[in-house]
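Note: the block below is data_30.cif and it holds mmCIF, C-alpha atoms.
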data_structure
#
loop_
_atom_site.group_PDB
_atom_site.id
_atom_site.type_symbol
_atom_site.label_atom_id
_atom_site.label_comp_id
_atom_site.auth_asym_id
_atom_site.auth_seq_id
_atom_site.Cartn_x
_atom_site.Cartn_y
_atom_site.Cartn_z
ATOM 1 C CA MET T 2 -14.791 -1.860 11.475
ATOM 2 C CA THR T 3 -17.151 -0.931 8.639
ATOM 3 C CA ASP T 4 -18.270 2.362 7.102
ATOM 4 C CA GLU T 5 -21.411 2.645 9.227
ATOM 5 C CA GLY T 6 -21.483 6.130 10.732
ATOM 6 C CA LEU T 7 -18.230 7.242 9.127
ATOM 7 C CA SER T 8 -17.951 10.915 8.197
ATOM 8 C CA ILE T 9 -15.172 13.136 6.920
ATOM 9 C CA ASP T 10 -13.634 15.348 9.604
ATOM 10 C CA PRO T 11 -11.632 18.170 7.968
ATOM 11 C CA THR T 12 -10.178 19.186 11.342
ATOM 12 C CA LYS T 13 -8.278 15.929 11.890
ATOM 13 C CA PRO T 14 -5.369 14.872 9.669
ATOM 14 C CA SER T 15 -5.733 11.713 7.606
ATOM 15 C CA ILE T 16 -2.865 9.460 6.559
ATOM 16 C CA ALA T 17 -4.489 8.980 3.147
ATOM 17 C CA ARG T 18 -4.956 12.718 2.611
ATOM 18 C CA VAL T 19 -1.414 13.598 3.734
ATOM 19 C CA TYR T 20 -0.115 11.024 1.261
ATOM 20 C CA ASP T 21 -2.375 12.514 -1.421
ATOM 21 C CA TYR T 22 -0.922 15.972 -0.705
ATOM 22 C CA LEU T 23 2.665 14.728 -0.910
ATOM 23 C CA LEU T 24 1.879 13.172 -4.296
ATOM 24 C CA GLY T 25 0.504 16.481 -5.564
ATOM 25 C CA GLY T 26 -3.189 15.619 -5.199
ATOM 26 C CA LYS T 27 -6.014 17.983 -4.299
ATOM 27 C CA ASP T 28 -8.164 15.780 -2.064
ATOM 28 C CA ASN T 29 -6.835 17.150 1.218
ATOM 29 C CA TYR T 30 -7.494 19.820 3.820
ATOM 30 C CA ALA T 31 -5.404 22.487 5.545
ATOM 31 C CA VAL T 32 -4.722 20.166 8.489
ATOM 32 C CA ASP T 33 -3.318 17.520 6.108
ATOM 33 C CA ARG T 34 -1.203 20.078 4.274
ATOM 34 C CA GLY T 35 0.146 21.245 7.611
ATOM 35 C CA ILE T 36 1.491 17.763 8.338
ATOM 36 C CA GLY T 37 2.709 17.348 4.778
ATOM 37 C CA ASP T 38 4.541 20.651 4.976
ATOM 38 C CA VAL T 39 6.490 19.397 7.989
ATOM 39 C CA PHE T 40 7.978 16.780 5.686
ATOM 40 C CA LYS T 41 8.471 19.240 2.828
ATOM 41 C CA ARG T 42 9.962 21.994 4.996
ATOM 42 C CA ASP T 43 11.791 20.217 7.814
ATOM 43 C CA LEU T 44 12.675 16.991 6.016
ATOM 44 C CA PRO T 45 13.514 18.169 2.498
ATOM 45 C CA GLY T 46 13.637 15.326 0.037
ATOM 46 C CA SER T 47 11.287 13.114 2.052
ATOM 47 C CA VAL T 48 8.503 13.483 -0.544
ATOM 48 C CA ALA T 49 10.568 11.077 -2.671
ATOM 49 C CA ILE T 50 9.350 8.292 -0.351
ATOM 50 C CA ALA T 51 5.771 8.669 -1.598
ATOM 51 C CA PHE T 52 6.771 8.728 -5.264
ATOM 52 C CA ALA T 53 9.174 5.786 -4.956
ATOM 53 C CA ASN T 54 6.488 3.750 -3.223
ATOM 54 C CA ARG T 55 3.818 4.527 -5.809
ATOM 55 C CA ALA T 56 6.134 3.686 -8.689
ATOM 56 C CA ALA T 57 7.050 0.320 -7.129
ATOM 57 C CA LEU T 58 3.365 -0.543 -6.663
ATOM 58 C CA THR T 59 2.689 0.268 -10.310
ATOM 59 C CA ARG T 60 5.566 -1.939 -11.434
ATOM 60 C CA ALA T 61 4.421 -4.801 -9.207
ATOM 61 C CA VAL T 62 0.871 -4.722 -10.571
ATOM 62 C CA ALA T 63 2.192 -4.643 -14.138
ATOM 63 C CA GLU T 64 4.594 -7.502 -13.386
ATOM 64 C CA ILE T 65 1.847 -9.690 -11.923
ATOM 65 C CA SER T 66 -0.559 -8.856 -14.739
ATOM 66 C CA THR T 67 1.904 -9.603 -17.528
ATOM 67 C CA SER T 68 3.972 -12.513 -16.207
ATOM 68 C CA THR T 69 1.438 -14.555 -14.212
ATOM 69 C CA GLY T 70 -2.099 -15.754 -14.720
ATOM 70 C CA VAL T 71 -3.358 -13.884 -11.660
ATOM 71 C CA ARG T 72 -6.328 -11.661 -12.484
ATOM 72 C CA GLN T 73 -7.597 -10.855 -8.984
ATOM 73 C CA PHE T 74 -6.205 -8.141 -6.720
ATOM 74 C CA ILE T 75 -7.011 -7.063 -3.171
ATOM 75 C CA ASP T 76 -5.469 -3.653 -2.438
ATOM 76 C CA LEU T 77 -5.353 -3.239 1.338
ATOM 77 C CA GLY T 78 -5.182 0.330 2.632
ATOM 78 C CA SER T 79 -5.531 1.597 -0.912
ATOM 79 C CA GLY T 80 -5.619 5.330 -0.157
ATOM 80 C CA LEU T 81 -7.115 8.041 -2.326
ATOM 81 C CA PRO T 82 -7.423 7.375 -6.063
ATOM 82 C CA THR T 83 -4.552 8.800 -8.081
ATOM 83 C CA ALA T 84 -3.005 8.252 -11.493
ATOM 84 C CA ASP T 85 -2.375 4.601 -12.322
ATOM 85 C CA ASN T 86 -4.596 3.008 -9.715
ATOM 86 C CA VAL T 87 -4.255 -0.757 -9.358
ATOM 87 C CA HIS T 88 -7.257 -1.548 -11.560
ATOM 88 C CA GLN T 89 -6.081 0.835 -14.275
ATOM 89 C CA VAL T 90 -2.620 -0.716 -14.410
ATOM 90 C CA ALA T 91 -3.897 -4.289 -14.194
ATOM 91 C CA GLN T 92 -6.623 -3.846 -16.797
ATOM 92 C CA ARG T 93 -4.215 -2.113 -19.146
ATOM 93 C CA HIS T 94 -2.434 -5.465 -19.397
ATOM 94 C CA ALA T 95 -5.342 -7.827 -18.694
ATOM 95 C CA GLU T 96 -8.834 -6.525 -19.412
ATOM 96 C CA ASP T 97 -10.501 -9.116 -17.189
ATOM 97 C CA ALA T 98 -8.541 -8.158 -14.043
ATOM 98 C CA ARG T 99 -10.694 -7.551 -10.961
ATOM 99 C CA VAL T 100 -9.742 -5.348 -8.018
ATOM 100 C CA VAL T 101 -11.148 -4.924 -4.519
ATOM 101 C CA TYR T 102 -9.924 -1.769 -2.808
ATOM 102 C CA VAL T 103 -9.993 -1.680 0.985
ATOM 103 C CA ASP T 104 -9.731 1.402 3.180
ATOM 104 C CA ILE T 105 -11.317 2.863 6.299
ATOM 105 C CA ASP T 106 -10.818 6.561 5.514
ATOM 106 C CA PRO T 107 -14.251 8.111 4.722
ATOM 107 C CA GLN T 108 -12.888 10.349 1.958
ATOM 108 C CA VAL T 109 -11.198 7.394 0.286
ATOM 109 C CA LEU T 110 -14.551 5.611 0.274
ATOM 110 C CA VAL T 111 -16.374 8.573 -1.267
ATOM 111 C CA HIS T 112 -13.847 8.971 -4.066
ATOM 112 C CA GLY T 113 -13.190 5.272 -4.479
ATOM 113 C CA ARG T 114 -16.827 4.384 -4.963
ATOM 114 C CA ALA T 115 -16.943 6.766 -7.907
ATOM 115 C CA LEU T 116 -14.788 4.116 -9.586
ATOM 116 C CA LEU T 117 -17.772 1.769 -9.505
ATOM 117 C CA GLN T 118 -19.590 3.995 -11.949
ATOM 118 C CA GLU T 119 -16.895 3.510 -14.570
ATOM 119 C CA ASN T 120 -15.682 -0.019 -13.923
ATOM 120 C CA GLU T 121 -17.800 -3.075 -13.173
ATOM 121 C CA ARG T 122 -14.756 -5.150 -12.169
ATOM 122 C CA THR T 123 -13.880 -2.852 -9.246
ATOM 123 C CA ARG T 124 -15.261 -2.764 -5.714
ATOM 124 C CA VAL T 125 -14.451 -0.621 -2.662
ATOM 125 C CA VAL T 126 -14.804 -2.198 0.768
ATOM 126 C CA ALA T 127 -14.953 -0.096 3.923
ATOM 127 C CA ALA T 128 -12.959 -2.005 6.507
ATOM 128 C CA ASP T 129 -9.872 -1.826 8.674
ATOM 129 C CA VAL T 130 -6.893 -3.895 7.492
ATOM 130 C CA ARG T 131 -6.615 -5.117 11.093
ATOM 131 C CA ASP T 132 -9.986 -6.876 10.624
ATOM 132 C CA PRO T 133 -9.113 -9.235 7.765
ATOM 133 C CA GLU T 134 -12.076 -11.534 8.385
ATOM 134 C CA VAL T 135 -14.447 -8.599 7.809
ATOM 135 C CA ILE T 136 -12.745 -7.932 4.478
ATOM 136 C CA ARG T 137 -12.637 -11.596 3.460
ATOM 137 C CA THR T 138 -16.356 -12.177 4.116
ATOM 138 C CA HIS T 139 -17.635 -8.827 2.845
ATOM 139 C CA PRO T 140 -20.310 -9.294 0.136
ATOM 140 C CA ASP T 141 -18.427 -7.055 -2.306
ATOM 141 C CA THR T 142 -15.259 -9.088 -1.831
ATOM 142 C CA LEU T 143 -17.114 -12.353 -2.336
ATOM 143 C CA GLU T 144 -18.855 -10.974 -5.414
ATOM 144 C CA LEU T 145 -15.586 -10.176 -7.151
ATOM 145 C CA ILE T 146 -12.905 -12.506 -5.737
ATOM 146 C CA ASP T 147 -12.843 -16.275 -6.264
ATOM 147 C CA PHE T 148 -10.705 -17.595 -3.404
ATOM 148 C CA ASP T 149 -10.311 -20.931 -5.171
ATOM 149 C CA ARG T 150 -8.124 -19.160 -7.719
ATOM 150 C CA PRO T 151 -4.842 -17.276 -7.104
ATOM 151 C CA VAL T 152 -5.090 -13.734 -5.749
ATOM 152 C CA ALA T 153 -2.601 -10.874 -5.586
ATOM 153 C CA VAL T 154 -2.720 -9.306 -2.120
ATOM 154 C CA MET T 155 -1.201 -5.824 -2.080
ATOM 155 C CA PHE T 156 0.146 -4.348 1.173
ATOM 156 C CA SER T 157 1.383 -1.070 -0.294
ATOM 157 C CA ALA T 158 2.605 1.293 2.455
ATOM 158 C CA ILE T 159 0.094 -0.020 4.979
ATOM 159 C CA LEU T 160 1.827 -2.476 7.340
ATOM 160 C CA HIS T 161 4.116 0.235 8.722
ATOM 161 C CA HIS T 162 0.928 1.851 10.063
ATOM 162 C CA VAL T 163 0.191 -1.325 12.037
ATOM 163 C CA ASN T 164 1.980 -1.282 15.383
ATOM 164 C CA ASP T 165 3.781 -4.362 16.685
ATOM 165 C CA ASP T 166 1.090 -5.106 19.285
ATOM 166 C CA GLU T 167 -1.498 -5.214 16.477
ATOM 167 C CA ASP T 168 0.258 -8.229 14.928
ATOM 168 C CA PRO T 169 1.059 -7.181 11.345
ATOM 169 C CA ALA T 170 2.571 -10.625 10.677
ATOM 170 C CA GLY T 171 -0.720 -12.184 11.749
ATOM 171 C CA ILE T 172 -2.584 -10.058 9.189
ATOM 172 C CA VAL T 173 -0.334 -11.314 6.373
ATOM 173 C CA ARG T 174 -0.578 -14.859 7.703
ATOM 174 C CA TYR T 175 -4.375 -14.679 7.613
ATOM 175 C CA TRP T 176 -4.364 -13.788 3.931
ATOM 176 C CA ARG T 177 -1.663 -16.357 3.201
ATOM 177 C CA ASP T 178 -3.954 -19.016 4.627
ATOM 178 C CA GLN T 179 -7.003 -17.774 2.680
ATOM 179 C CA VAL T 180 -5.539 -17.857 -0.830
ATOM 180 C CA PRO T 181 -4.375 -20.848 -2.901
ATOM 181 C CA ALA T 182 -0.925 -21.687 -4.219
ATOM 182 C CA GLY T 183 0.167 -19.383 -7.015
ATOM 183 C CA SER T 184 -1.015 -16.268 -5.169
ATOM 184 C CA TYR T 185 1.256 -13.241 -4.828
ATOM 185 C CA PHE T 186 1.928 -10.792 -2.008
ATOM 186 C CA PHE T 187 3.381 -7.327 -2.584
ATOM 187 C CA VAL T 188 4.690 -5.364 0.394
ATOM 188 C CA SER T 189 6.155 -1.879 0.589
ATOM 189 C CA HIS T 190 7.171 -0.604 3.992
ATOM 190 C CA PHE T 191 9.084 2.158 5.773
ATOM 191 C CA ARG T 192 12.650 0.919 6.119
ATOM 192 C CA SER T 193 14.873 1.634 9.104
ATOM 193 C CA GLY T 194 17.784 3.816 8.129
ATOM 194 C CA HIS T 195 19.347 4.094 11.587
ATOM 195 C CA ASN T 196 19.836 7.806 11.002
ATOM 196 C CA ALA T 197 18.430 11.164 12.075
ATOM 197 C CA GLU T 198 16.079 11.335 9.091
ATOM 198 C CA THR T 199 14.430 8.034 9.969
ATOM 199 C CA ALA T 200 14.041 8.992 13.619
ATOM 200 C CA GLU T 201 12.504 12.385 12.834
ATOM 201 C CA ALA T 202 10.065 11.065 10.223
ATOM 202 C CA GLU T 203 8.962 8.308 12.603
ATOM 203 C CA ARG T 204 8.530 10.850 15.414
ATOM 204 C CA VAL T 205 6.279 13.061 13.241
ATOM 205 C CA LEU T 206 4.006 10.163 12.322
ATOM 206 C CA GLN T 207 3.801 8.791 15.855
ATOM 207 C CA GLN T 208 3.089 12.232 17.269
ATOM 208 C CA THR T 209 0.386 12.933 14.675
ATOM 209 C CA PHE T 210 -1.324 9.566 14.234
ATOM 210 C CA GLY T 211 -0.072 7.432 17.110
ATOM 211 C CA ARG T 212 1.326 4.963 14.605
ATOM 212 C CA GLY T 213 4.132 4.609 12.092
ATOM 213 C CA ARG T 214 6.657 1.826 12.640
ATOM 214 C CA TRP T 215 9.931 1.670 10.728
ATOM 215 C CA ARG T 216 11.258 -1.893 10.364
ATOM 216 C CA THR T 217 14.514 -3.445 9.208
ATOM 217 C CA ASP T 218 14.770 -5.482 6.007
ATOM 218 C CA ALA T 219 14.830 -8.644 8.146
ATOM 219 C CA GLU T 220 11.703 -7.571 10.030
ATOM 220 C CA ILE T 221 9.913 -6.775 6.766
ATOM 221 C CA ALA T 222 10.932 -10.153 5.332
ATOM 222 C CA SER T 223 9.626 -11.866 8.475
ATOM 223 C CA LEU T 224 6.163 -10.468 7.732
ATOM 224 C CA LEU T 225 6.215 -12.748 4.678
ATOM 225 C CA ASP T 226 7.090 -15.946 6.583
ATOM 226 C CA GLY T 227 5.795 -19.028 4.796
ATOM 227 C CA LEU T 228 6.021 -17.352 1.389
ATOM 228 C CA GLU T 229 8.777 -17.435 -1.223
ATOM 229 C CA ILE T 230 10.303 -13.954 -1.501
ATOM 230 C CA LEU T 231 11.173 -13.420 -5.159
ATOM 231 C CA GLU T 232 14.197 -11.653 -6.600
ATOM 232 C CA PRO T 233 15.604 -9.163 -5.836
ATOM 233 C CA GLY T 234 14.305 -9.683 -2.292
ATOM 234 C CA ILE T 235 13.465 -6.865 0.125
ATOM 235 C CA VAL T 236 15.220 -3.825 -1.348
ATOM 236 C CA PRO T 237 14.720 -0.054 -1.523
ATOM 237 C CA ALA T 238 11.545 0.475 -3.568
ATOM 238 C CA SER T 239 13.372 2.354 -6.324
ATOM 239 C CA LEU T 240 15.602 -0.699 -6.831
ATOM 240 C CA TRP T 241 12.736 -3.174 -6.980
ATOM 241 C CA ARG T 242 12.697 -4.280 -10.626
ATOM 242 C CA PRO T 243 13.144 -0.776 -12.060
ATOM 243 C CA GLY T 244 11.976 -0.510 -15.642
ATOM 244 C CA THR T 245 14.105 2.526 -16.374
ATOM 245 C CA THR T 246 17.041 4.113 -14.630
ATOM 246 C CA ASP T 247 16.958 7.835 -13.911
ATOM 247 C CA GLY T 248 19.594 9.851 -12.132
ATOM 248 C CA PRO T 249 23.265 9.080 -11.545
ATOM 249 C CA ALA T 250 24.259 5.440 -11.369
ATOM 250 C CA GLY T 251 25.951 3.867 -8.389
ATOM 251 C CA PRO T 252 29.110 1.763 -8.564
ATOM 252 C CA GLY T 253 27.166 -1.349 -9.544
ATOM 253 C CA GLY T 254 25.183 0.426 -12.233
ATOM 254 C CA GLU T 255 22.096 0.839 -10.027
ATOM 255 C CA PRO T 256 20.587 4.319 -9.613
ATOM 256 C CA GLU T 257 22.195 6.414 -6.875
ATOM 257 C CA LEU T 258 19.475 6.809 -4.242
ATOM 258 C CA THR T 259 18.946 9.615 -1.785
ATOM 259 C CA VAL T 260 18.729 8.822 1.921
ATOM 260 C CA TRP T 261 14.965 9.257 1.608
ATOM 261 C CA GLU T 262 14.557 6.847 -1.289
ATOM 262 C CA ARG T 263 16.290 4.258 0.864
ATOM 263 C CA LEU T 264 13.664 4.642 3.579
ATOM 264 C CA ILE T 265 10.939 2.776 1.676
ATOM 265 C CA ALA T 266 11.460 -0.900 0.825
ATOM 266 C CA ALA T 267 9.511 -3.221 -1.442
ATOM 267 C CA GLY T 268 9.277 -6.929 -2.090
ATOM 268 C CA LEU T 269 7.148 -9.508 -3.892
ATOM 269 C CA ALA T 270 6.451 -12.992 -2.563
ATOM 270 C CA ARG T 271 4.655 -16.048 -3.907
ATOM 271 C CA LYS T 272 2.696 -18.775 -2.161
ATOM 272 C CA ALA T 273 4.091 -22.086 -3.407
#

Could you write out this structure as structure tokens?
Amino acid sequence: MTDEGLSIDPTKPSIARVYDYLLGGKDNYAVDRGIGDVFKRDLPGSVAIAFANRAALTRAVAEISTSTGVRQFIDLGSGLPTADNVHQVAQRHAEDARVVYVDIDPQVLVHGRALLQENERTRVVAADVRDPEVIRTHPDTLELIDFDRPVAVMFSAILHHVNDDEDPAGIVRYWRDQVPAGSYFFVSHFRSGHNAETAEAERVLQQTFGRGRWRTDAEIASLLDGLEILEPGIVPASLWRPGTTDGPAGPGGEPELTVWERLIAAGLARKA
């Protein structure tokens, strides 16, 4: 899919705009706020999922930018621009970092392309993550990304919106095969909690969007088959290489997480 003929429909909820609302953004409509309020009202505490995910993404970009030589990022399903976008974090640590954002939501494209006016090392590609070949061969991708050099491929909170019959593992495998050794893959993903909260949150997303698949840590790890999953493995996002510890500590010194914070996992893998 490309952006030909795409238009913003304020009467239909958007995953990107609901997420924006939960993060406190203003690029959303009443229909998006209605869905977001289900989480805020009926699933109190669930908004922590969005914040924990965003913080883990920020840490991953900073980690890659400061501890590796990777200077190219592809952010798949990037969502609406917010504070500390991938290019802002990466370029804070490495001025020459280049970022291709990919999304299919028309409003994301409108706002994202405004980034082009302020940053020549940023591009926004209109494509569906389920069509990786379209993304890989897009002129804007080819203009910015050198596939002979390592790339960081970011799957932040996107693969749980790909149903099993749409082959999420195949999407990761495609990108694994397209990038050279030394490339990195970041994944954050809804994590099965085997509890009422998980079931209800999954029901709301499936009922609203027809998609939203919670997976176990083992299932999330299997999406990264053929890659080396780095320490600390697939863990709740708030426990993925936390830079600071807020809140009460658990028995092992780690932060004590709410049931909601445990429902989003994160992991970083490397292609050897």

Within 12 Å of Gly183 of chain T, counting all atoms listed in the file, which residues show up once you throw out same-chain ones fewer than 6 positions away? Write them as a PyMOL selection string, please. chain T and resi 65+69-73+148-154+177+228-229+270-273

Work out how far apart atom CA of Asn29 of chain T and atom CA of Leu77 of chain T are and give it in Å to one decimal.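 Taking atom CA of Asn29 of chain T and atom CA of Leu77 of chain T, their separation equals 20.4 Å.
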
Residues matched by the PyMOL selection byres ((chain T and resi 118-123) around 12) as a count of residues only: 34

Please measure the separation of atom CA of Gln179 of chain T and atom CA of Gly80 of chain T, giving the value in Å to one decimal.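 Straight-line distance from atom CA of Gln179 of chain T to atom CA of Gly80 of chain T works out to 23.3 Å.
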
Restricting the calculation to only C-alpha atoms, which member of T:Phe40, T:Tyr30, T:Tyr185, T:Trp241 is positioned closest to Val205 of chain T? T:Phe40

Compare T:Ala222, T:Val62, T:Glu262, T:Gly194 by their minimum atom-to-atom distance to Val90 of chain T, counting all atoms listed in the file, and give me the closest one.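 For Val90 of chain T, the nearest of the candidates is T:Val62.
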
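Between atom CA of His195 of chain T and atom CA of Leu225 of chain T there is a distance of 22.4 Å.
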
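When all atoms listed in the file are used to compute distances to Arg204 of chain T, the closest of the residues T:Ser157, T:Ala53, T:Val39, T:Leu24 turns out to be T:Val39.
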
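Residue nearest His94 of chain T, chosen from T:Ala267, T:Ala182, T:Ala63, T:Ile36 and counting all atoms listed in the file: T:Ala63.
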
Long-range neighbours of Gln207 of chain T as a PyMOL selection string, 12 Å cut-off, only C-alpha atoms, 5 positions minimum in chain: chain T and resi 16+36+161-164+200-202+212-215
